[in-house]
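What follows is the content of my_file_0.pdb, which has PDB, C-alpha atoms, pLDDT in the B column:
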```
ATOM      1  CA  MET A 478     -69.651  66.025 106.472  1.00 47.00           C
ATOM      2  CA  ASP A 479     -66.075  65.515 105.305  1.00 59.00           C
ATOM      3  CA  LEU A 480     -65.012  67.419 102.231  1.00 57.00           C
ATOM      4  CA  PRO A 481     -63.246  65.422  99.510  1.00 66.00           C
ATOM      5  CA  LYS A 482     -59.474  65.771  99.379  1.00 78.00           C
ATOM      6  CA  LEU A 483     -58.363  67.680  96.323  1.00 82.00           C
ATOM      7  CA  TYR A 484     -55.040  67.098  94.635  1.00 87.00           C
ATOM      8  CA  CYS A 485     -53.696  66.912  91.104  1.00 89.00           C
ATOM      9  CA  ILE A 486     -51.966  63.820  89.672  1.00 90.00           C
ATOM     10  CA  ARG A 487     -49.884  64.396  86.565  1.00 88.00           C
ATOM     11  CA  GLU A 488     -47.210  62.626  84.564  1.00 87.00           C
ATOM     12  CA  SER A 489     -43.704  63.881  85.149  1.00 84.00           C
ATOM     13  CA  GLY A 490     -42.787  66.548  82.630  1.00 83.00           C
ATOM     14  CA  THR A 491     -46.315  67.896  82.190  1.00 85.00           C
ATOM     15  CA  PRO A 492     -46.849  71.516  83.222  1.00 83.00           C
ATOM     16  CA  SER A 493     -47.401  72.256  86.869  1.00 82.00           C
ATOM     17  CA  TYR A 494     -49.849  74.871  88.049  1.00 80.00           C
ATOM     18  CA  ILE A 495     -48.224  75.350  91.447  1.00 85.00           C
ATOM     19  CA  GLY A 496     -46.712  78.767  90.730  1.00 81.00           C
ATOM     20  CA  ASN A 497     -46.221  80.524  94.068  1.00 83.00           C
ATOM     21  CA  THR A 498     -49.186  78.754  95.707  1.00 85.00           C
ATOM     22  CA  TYR A 499     -46.929  76.974  98.198  1.00 85.00           C
ATOM     23  CA  ASP A 500     -45.532  80.327  99.373  1.00 85.00           C
ATOM     24  CA  GLU A 501     -49.022  81.423 100.325  1.00 87.00           C
ATOM     25  CA  PHE A 502     -50.143  78.015 101.679  1.00 87.00           C
ATOM     26  CA  PRO A 503     -47.144  76.452 103.477  1.00 86.00           C
ATOM     27  CA  TYR A 504     -49.118  73.362 104.535  1.00 87.00           C
ATOM     28  CA  LEU A 505     -49.377  72.202 100.901  1.00 89.00           C
ATOM     29  CA  PHE A 506     -46.795  69.906  99.340  1.00 91.00           C
ATOM     30  CA  SER A 507     -46.126  67.701  96.303  1.00 92.00           C
ATOM     31  CA  ILE A 508     -45.033  64.098  95.923  1.00 92.00           C
ATOM     32  CA  VAL A 509     -42.760  62.901  93.143  1.00 93.00           C
ATOM     33  CA  LEU A 510     -43.934  59.283  92.962  1.00 93.00           C
ATOM     34  CA  HIS A 511     -41.425  56.843  91.449  1.00 93.00           C
ATOM     35  CA  HIS A 512     -42.971  53.481  90.547  1.00 89.00           C
ATOM     36  CA  GLU A 513     -42.520  50.369  88.384  1.00 86.00           C
ATOM     37  CA  GLY A 514     -38.764  50.431  88.951  1.00 89.00           C
ATOM     38  CA  ARG A 515     -36.280  48.903  91.331  1.00 90.00           C
ATOM     39  CA  PHE A 516     -33.331  49.946  93.453  1.00 91.00           C
ATOM     40  CA  SER A 517     -29.815  49.061  92.372  1.00 89.00           C
ATOM     41  CA  GLY A 518     -27.476  47.558  94.946  1.00 83.00           C
ATOM     42  CA  PHE A 519     -25.626  49.271  97.726  1.00 74.00           C
ATOM     43  CA  PRO A 520     -23.261  51.231  98.006  1.00 79.00           C
ATOM     44  CA  ILE A 521     -24.378  53.419  95.109  1.00 87.00           C
ATOM     45  CA  ARG A 522     -28.148  52.972  95.163  1.00 90.00           C
ATOM     46  CA  LYS A 523     -30.177  54.299  92.235  1.00 92.00           C
ATOM     47  CA  TYR A 524     -33.773  53.848  91.167  1.00 93.00           C
ATOM     48  CA  LEU A 525     -33.797  52.085  87.805  1.00 93.00           C
ATOM     49  CA  HIS A 526     -36.334  51.636  85.001  1.00 89.00           C
ATOM     50  CA  GLY A 527     -39.166  53.414  86.756  1.00 89.00           C
ATOM     51  CA  LYS A 528     -41.952  55.772  85.799  1.00 90.00           C
ATOM     52  CA  ILE A 529     -42.768  59.034  87.545  1.00 92.00           C
ATOM     53  CA  HIS A 530     -46.007  60.776  88.408  1.00 92.00           C
ATOM     54  CA  GLU A 531     -46.265  63.983  90.403  1.00 93.00           C
ATOM     55  CA  VAL A 532     -49.033  64.731  92.862  1.00 93.00           C
ATOM     56  CA  ASP A 533     -49.606  68.375  93.727  1.00 93.00           C
ATOM     57  CA  PHE A 534     -51.643  70.292  96.311  1.00 92.00           C
ATOM     58  CA  LEU A 535     -51.534  67.687  99.085  1.00 92.00           C
ATOM     59  CA  ASN A 536     -52.272  68.968 102.588  1.00 90.00           C
ATOM     60  CA  ILE A 537     -49.745  67.926 105.256  1.00 87.00           C
ATOM     61  CA  ASP A 538     -52.307  68.486 108.001  1.00 85.00           C
ATOM     62  CA  ASP A 539     -54.496  65.592 106.850  1.00 85.00           C
ATOM     63  CA  PHE A 540     -52.314  63.368 104.634  1.00 87.00           C
ATOM     64  CA  THR A 541     -52.536  59.678 105.648  1.00 85.00           C
ATOM     65  CA  ARG A 542     -51.474  56.202 104.598  1.00 85.00           C
ATOM     66  CA  GLU A 543     -54.937  55.749 103.115  1.00 87.00           C
ATOM     67  CA  ASP A 544     -54.410  58.842 100.943  1.00 89.00           C
ATOM     68  CA  MET A 545     -51.160  57.367  99.620  1.00 87.00           C
ATOM     69  CA  TYR A 546     -52.936  54.114  98.790  1.00 86.00           C
ATOM     70  CA  ASN A 547     -55.750  56.017  97.030  1.00 88.00           C
ATOM     71  CA  ILE A 548     -53.225  57.999  94.971  1.00 90.00           C
ATOM     72  CA  MET A 549     -51.447  54.803  93.900  1.00 87.00           C
ATOM     73  CA  LYS A 550     -54.799  53.178  93.118  1.00 86.00           C
ATOM     74  CA  LYS A 551     -55.881  56.122  90.942  1.00 87.00           C
ATOM     75  CA  ILE A 552     -52.627  55.990  88.997  1.00 86.00           C
ATOM     76  CA  SER A 553     -52.998  52.226  88.612  1.00 83.00           C
ATOM     77  CA  ASP A 554     -56.611  52.499  87.436  1.00 81.00           C
ATOM     78  CA  ALA A 555     -55.777  55.262  84.947  1.00 79.00           C
ATOM     79  CA  THR A 556     -52.561  53.862  83.522  1.00 74.00           C
ATOM     80  CA  GLY A 557     -52.184  50.266  84.649  1.00 69.00           C
ATOM     81  CA  VAL A 558     -48.598  50.970  85.641  1.00 60.00           C
ATOM     82  CA  VAL A 559     -48.644  50.678  89.447  1.00 56.00           C
ATOM     83  CA  GLU A 560     -48.831  46.915  89.958  1.00 56.00           C
ATOM     84  CA  ASN A 561     -49.812  44.854  92.964  1.00 54.00           C
ATOM     85  CA  ILE A 562     -51.710  47.630  94.737  1.00 58.00           C
ATOM     86  CA  GLU A 563     -54.717  45.474  95.581  1.00 58.00           C
ATOM     87  CA  SER A 564     -52.583  42.611  96.854  1.00 60.00           C
ATOM     88  CA  ASN A 565     -50.329  44.844  98.992  1.00 65.00           C
ATOM     89  CA  GLU A 566     -47.308  43.255  97.302  1.00 74.00           C
ATOM     90  CA  TYR A 567     -45.285  46.443  97.275  1.00 81.00           C
ATOM     91  CA  PHE A 568     -43.004  48.464  99.517  1.00 86.00           C
ATOM     92  CA  CYS A 569     -43.157  52.214  99.866  1.00 89.00           C
ATOM     93  CA  TYR A 570     -40.199  54.405 100.888  1.00 92.00           C
ATOM     94  CA  PHE A 571     -39.712  58.133 101.145  1.00 92.00           C
ATOM     95  CA  GLN A 572     -36.417  59.896 100.587  1.00 93.00           C
ATOM     96  CA  LYS A 573     -35.476  62.271 103.369  1.00 91.00           C
ATOM     97  CA  PRO A 574     -34.710  65.759 102.028  1.00 89.00           C
ATOM     98  CA  ASN A 575     -31.037  66.505 101.423  1.00 89.00           C
ATOM     99  CA  CYS A 576     -30.143  62.783 101.653  1.00 90.00           C
ATOM    100  CA  ASP A 577     -29.237  60.417  98.877  1.00 91.00           C
ATOM    101  CA  LEU A 578     -30.805  57.010  98.285  1.00 92.00           C
ATOM    102  CA  ASN A 579     -28.019  55.268 100.219  1.00 89.00           C
ATOM    103  CA  VAL A 580     -28.806  56.803 103.606  1.00 88.00           C
ATOM    104  CA  GLY A 581     -32.019  58.719 103.132  1.00 89.00           C
ATOM    105  CA  LEU A 582     -34.678  56.064 102.553  1.00 91.00           C
ATOM    106  CA  GLN A 583     -37.297  55.391 105.195  1.00 90.00           C
ATOM    107  CA  GLN A 584     -40.086  52.879 104.794  1.00 89.00           C
ATOM    108  CA  LEU A 585     -43.688  54.111 104.738  1.00 87.00           C
ATOM    109  CA  TRP A 586     -46.074  51.470 105.985  1.00 83.00           C
ATOM    110  CA  THR A 587     -47.633  52.312 109.336  1.00 85.00           C
ATOM    111  CA  GLU A 588     -49.279  55.497 110.543  1.00 83.00           C
ATOM    112  CA  GLU A 589     -46.177  55.971 112.731  1.00 87.00           C
ATOM    113  CA  ASP A 590     -44.048  55.977 109.573  1.00 87.00           C
ATOM    114  CA  TYR A 591     -46.251  58.762 108.231  1.00 85.00           C
ATOM    115  CA  MET A 592     -45.744  60.707 111.454  1.00 84.00           C
ATOM    116  CA  ASP A 593     -41.989  60.574 110.737  1.00 85.00           C
ATOM    117  CA  LEU A 594     -42.686  61.832 107.229  1.00 84.00           C
ATOM    118  CA  TYR A 595     -44.450  64.922 108.615  1.00 84.00           C
ATOM    119  CA  MET A 596     -41.188  66.096 110.212  1.00 86.00           C
ATOM    120  CA  TYR A 597     -39.748  66.798 106.781  1.00 87.00           C
ATOM    121  CA  ILE A 598     -42.493  68.490 104.776  1.00 84.00           C
ATOM    122  CA  GLY A 599     -44.586  71.635 104.734  1.00 72.00           C
ATOM    123  CA  HIS A 600     -44.536  74.668 107.030  1.00 69.00           C
ATOM    124  CA  GLY A 601     -41.196  76.080 105.870  1.00 69.00           C
ATOM    125  CA  LYS A 602     -39.538  72.720 105.177  1.00 81.00           C
ATOM    126  CA  THR A 603     -39.352  70.923 101.844  1.00 83.00           C
ATOM    127  CA  GLN A 604     -42.512  70.960  99.771  1.00 86.00           C
ATOM    128  CA  PHE A 605     -41.441  68.324  97.258  1.00 89.00           C
ATOM    129  CA  LEU A 606     -41.035  64.801  98.565  1.00 91.00           C
ATOM    130  CA  HIS A 607     -39.793  61.776  96.616  1.00 93.00           C
ATOM    131  CA  ILE A 608     -41.628  58.513  97.287  1.00 93.00           C
ATOM    132  CA  TYR A 609     -40.552  55.190  95.783  1.00 93.00           C
ATOM    133  CA  ILE A 610     -42.763  52.145  95.197  1.00 89.00           C
ATOM    134  CA  VAL A 611     -40.896  48.862  94.741  1.00 88.00           C
ATOM    135  CA  LYS A 612     -41.833  45.185  94.579  1.00 83.00           C
ATOM    136  CA  GLU A 613     -38.934  44.020  96.749  1.00 79.00           C
ATOM    137  CA  GLU A 614     -37.993  45.192 100.203  1.00 78.00           C
ATOM    138  CA  ILE A 615     -34.519  46.620 100.657  1.00 75.00           C
ATOM    139  CA  ASN A 616     -32.532  43.704 102.026  1.00 61.00           C
ATOM    140  CA  GLU A 617     -31.084  43.448 105.542  1.00 44.00           C
ATOM    141  CA  GLU A 618     -27.494  43.872 104.380  1.00 42.00           C
ATOM    142  CA  CYS A 619     -28.303  47.204 102.766  1.00 45.00           C
ATOM    143  CA  GLU A 620     -30.257  48.280 105.834  1.00 47.00           C
ATOM    144  CA  ALA A 621     -27.238  47.565 108.046  1.00 43.00           C
ATOM    145  CA  CYS A 622     -24.988  49.564 105.717  1.00 44.00           C
ATOM    146  CA  ARG A 623     -27.478  52.422 105.668  1.00 45.00           C
ATOM    147  CA  ALA A 624     -27.837  52.428 109.444  1.00 50.00           C
ATOM    148  CA  SER A 625     -24.072  52.456 109.926  1.00 45.00           C
ATOM    149  CA  SER A 626     -23.601  55.272 107.410  1.00 44.00           C
ATOM    150  CA  SER A 627     -26.508  57.224 108.855  1.00 45.00           C
ATOM    151  CA  ALA A 628     -25.164  56.903 112.394  1.00 46.00           C
ATOM    152  CA  GLU A 629     -21.798  58.234 111.320  1.00 42.00           C
ATOM    153  CA  SER A 630     -23.162  61.176 109.340  1.00 41.00           C
ATOM    154  CA  GLU A 631     -26.109  62.227 111.516  1.00 43.00           C
ATOM    155  CA  GLY A 632     -25.380  60.786 114.914  1.00 41.00           C
ATOM    156  CA  ILE A 633     -28.761  59.016 114.919  1.00 39.00           C
ATOM    157  CA  VAL A 634     -30.267  55.953 113.291  1.00 36.00           C
ATOM    158  CA  ILE A 635     -33.819  55.790 111.997  1.00 35.00           C
ATOM    159  CA  ILE A 636     -34.839  52.358 110.751  1.00 33.00           C
TER     160      ILE A 636
END
```
Mind converting the file's structure to structure tokens?
Amino acid sequence: MDLPKLYCIRESGTPSYIGNTYDEFPYLFSIVLHHEGRFSGFPIRKYLHGKIHEVDFLNIDDFTREDMYNIMKKISDATGVVENIESNEYFCYFQKPNCDLNVGLQQLWTEEDYMDLYMYIGHGKTQFLHIYIVKEEINEECEACRASSSAESEGIVII
């Protein structure tokens, strides 16, 4: 029998009950979920007009694409603010730690994308990850700029 996954969804700015829990349980992490906004254009990309929810006490050892969908669905059902979840008319990106939105965005769609995500969180790495939900995919021109900038700064390109 599988146990239900336990996590806490809260609006940004409401009190967190994390305390030093993550010090004692390094496999736990939080998501800062940005939604209902859009990205501004390159070269100075920002996330505009969005709302934020925070999701605490996620377990990196069993976090999946389905969990992300369920989190977005719960927020949508409770608030009506995450649109197009049922129709899959959205794009999901995570921001790599210590990177800005110009070079640090990576799309989250496949299970392989989630495997990339695991490299950055939990077990002594960052325990707070920013995820962005948008209605429009980042266009090819911006992707090319990001790849070029990323290659120069990191010596590798992840697209």
(request) Could you tell me which residues the PyMOL selection byres ((chain A and resi 506) around 9) returns for this structure, as an MDAnalysis selection string? (result) chainID A and resid 499 503:505 507:508 532:537 598:599 603:606
(request) Give me the residues within 12 Å of Met545 (chain A) as JSON, numbers by chain, counting only C-alpha atoms and dropping any in the same chain fewer than 5 places off. (result) {"A": [482, 484, 486, 507, 508, 509, 510, 532, 535, 539, 540, 550, 551, 552, 562, 569, 570, 571, 585, 586, 587, 588, 591, 608, 609, 610]}
Expected file contents, prior selection, C-alpha atoms, as an mmCIF file, keeping the file's coordinate frame:
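Dumped everything to out_3.cif:
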```
data_model
loop_
_atom_site.group_PDB
_atom_site.id
_atom_site.type_symbol
_atom_site.label_atom_id
_atom_site.label_comp_id
_atom_site.auth_asym_id
_atom_site.auth_seq_id
_atom_site.Cartn_x
_atom_site.Cartn_y
_atom_site.Cartn_z
ATOM 1 C CA LYS A 482 -59.474 65.771 99.379
ATOM 2 C CA TYR A 484 -55.040 67.098 94.635
ATOM 3 C CA ILE A 486 -51.966 63.820 89.672
ATOM 4 C CA SER A 507 -46.126 67.701 96.303
ATOM 5 C CA ILE A 508 -45.033 64.098 95.923
ATOM 6 C CA VAL A 509 -42.760 62.901 93.143
ATOM 7 C CA LEU A 510 -43.934 59.283 92.962
ATOM 8 C CA VAL A 532 -49.033 64.731 92.862
ATOM 9 C CA LEU A 535 -51.534 67.687 99.085
ATOM 10 C CA ASP A 539 -54.496 65.592 106.850
ATOM 11 C CA PHE A 540 -52.314 63.368 104.634
ATOM 12 C CA LYS A 550 -54.799 53.178 93.118
ATOM 13 C CA LYS A 551 -55.881 56.122 90.942
ATOM 14 C CA ILE A 552 -52.627 55.990 88.997
ATOM 15 C CA ILE A 562 -51.710 47.630 94.737
ATOM 16 C CA CYS A 569 -43.157 52.214 99.866
ATOM 17 C CA TYR A 570 -40.199 54.405 100.888
ATOM 18 C CA PHE A 571 -39.712 58.133 101.145
ATOM 19 C CA LEU A 585 -43.688 54.111 104.738
ATOM 20 C CA TRP A 586 -46.074 51.470 105.985
ATOM 21 C CA THR A 587 -47.633 52.312 109.336
ATOM 22 C CA GLU A 588 -49.279 55.497 110.543
ATOM 23 C CA TYR A 591 -46.251 58.762 108.231
ATOM 24 C CA ILE A 608 -41.628 58.513 97.287
ATOM 25 C CA TYR A 609 -40.552 55.190 95.783
ATOM 26 C CA ILE A 610 -42.763 52.145 95.197
#
```
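Between CA of Leu525 (chain A) and CA of Glu513 (chain A) the separation is 8.9 Å.
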(message) From the options A:Lys602, A:Cys485, A:Asp554, A:His607, which residue's atoms come nearest to Gln572 (chain A), counting only C-alpha atoms?
(response) A:His607
(request) Identify, on the basis of all atoms listed in the file, every residue whose closest approach to region 611-615 of chain A does not exceed 8 Å; exclude the query and any residue fewer than 6 positions from it along the same chain; express the result as a list in words. (result)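 Listed by chain and then number, they are His512, Glu513, Gly514, Arg515, Phe516, Glu566, Tyr567, Phe568 and Cys569 of chain A.
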Write to file, as a CSV table (one decimal), in the frame of the given file, the residues of the selection just made, with C-alpha atoms.
```csv
chain,number,residue,atom,x,y,z
A,512,HIS,CA,-43.0,53.5,90.5
A,513,GLU,CA,-42.5,50.4,88.4
A,514,GLY,CA,-38.8,50.4,89.0
A,515,ARG,CA,-36.3,48.9,91.3
A,516,PHE,CA,-33.3,49.9,93.5
A,566,GLU,CA,-47.3,43.3,97.3
A,567,TYR,CA,-45.3,46.4,97.3
A,568,PHE,CA,-43.0,48.5,99.5
A,569,CYS,CA,-43.2,52.2,99.9
```
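Nearest residue to Met592 (chain A) among A:Pro492, A:Arg542, A:Glu501, A:Ile529 is A:Arg542, counting only C-alpha atoms.
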(message) So the first atom is CA of Asp544 (chain A) and the second is CA of Lys523 (chain A); what is the distance between them in Å, to one decimal place?
(response)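 Taking CA of Asp544 (chain A) and CA of Lys523 (chain A), their separation equals 26.1 Å.
In this structure, CA of Pro574 (chain A) sits 15.9 Å away from CA of Arg522 (chain A).
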(request) Starting from the displayed file, determine the output of the PyMOL selection byres ((chain A and resi 489) around 8) and express the residue list as number ranges by chain. (result) A: 487-488, 490-491, 529-531
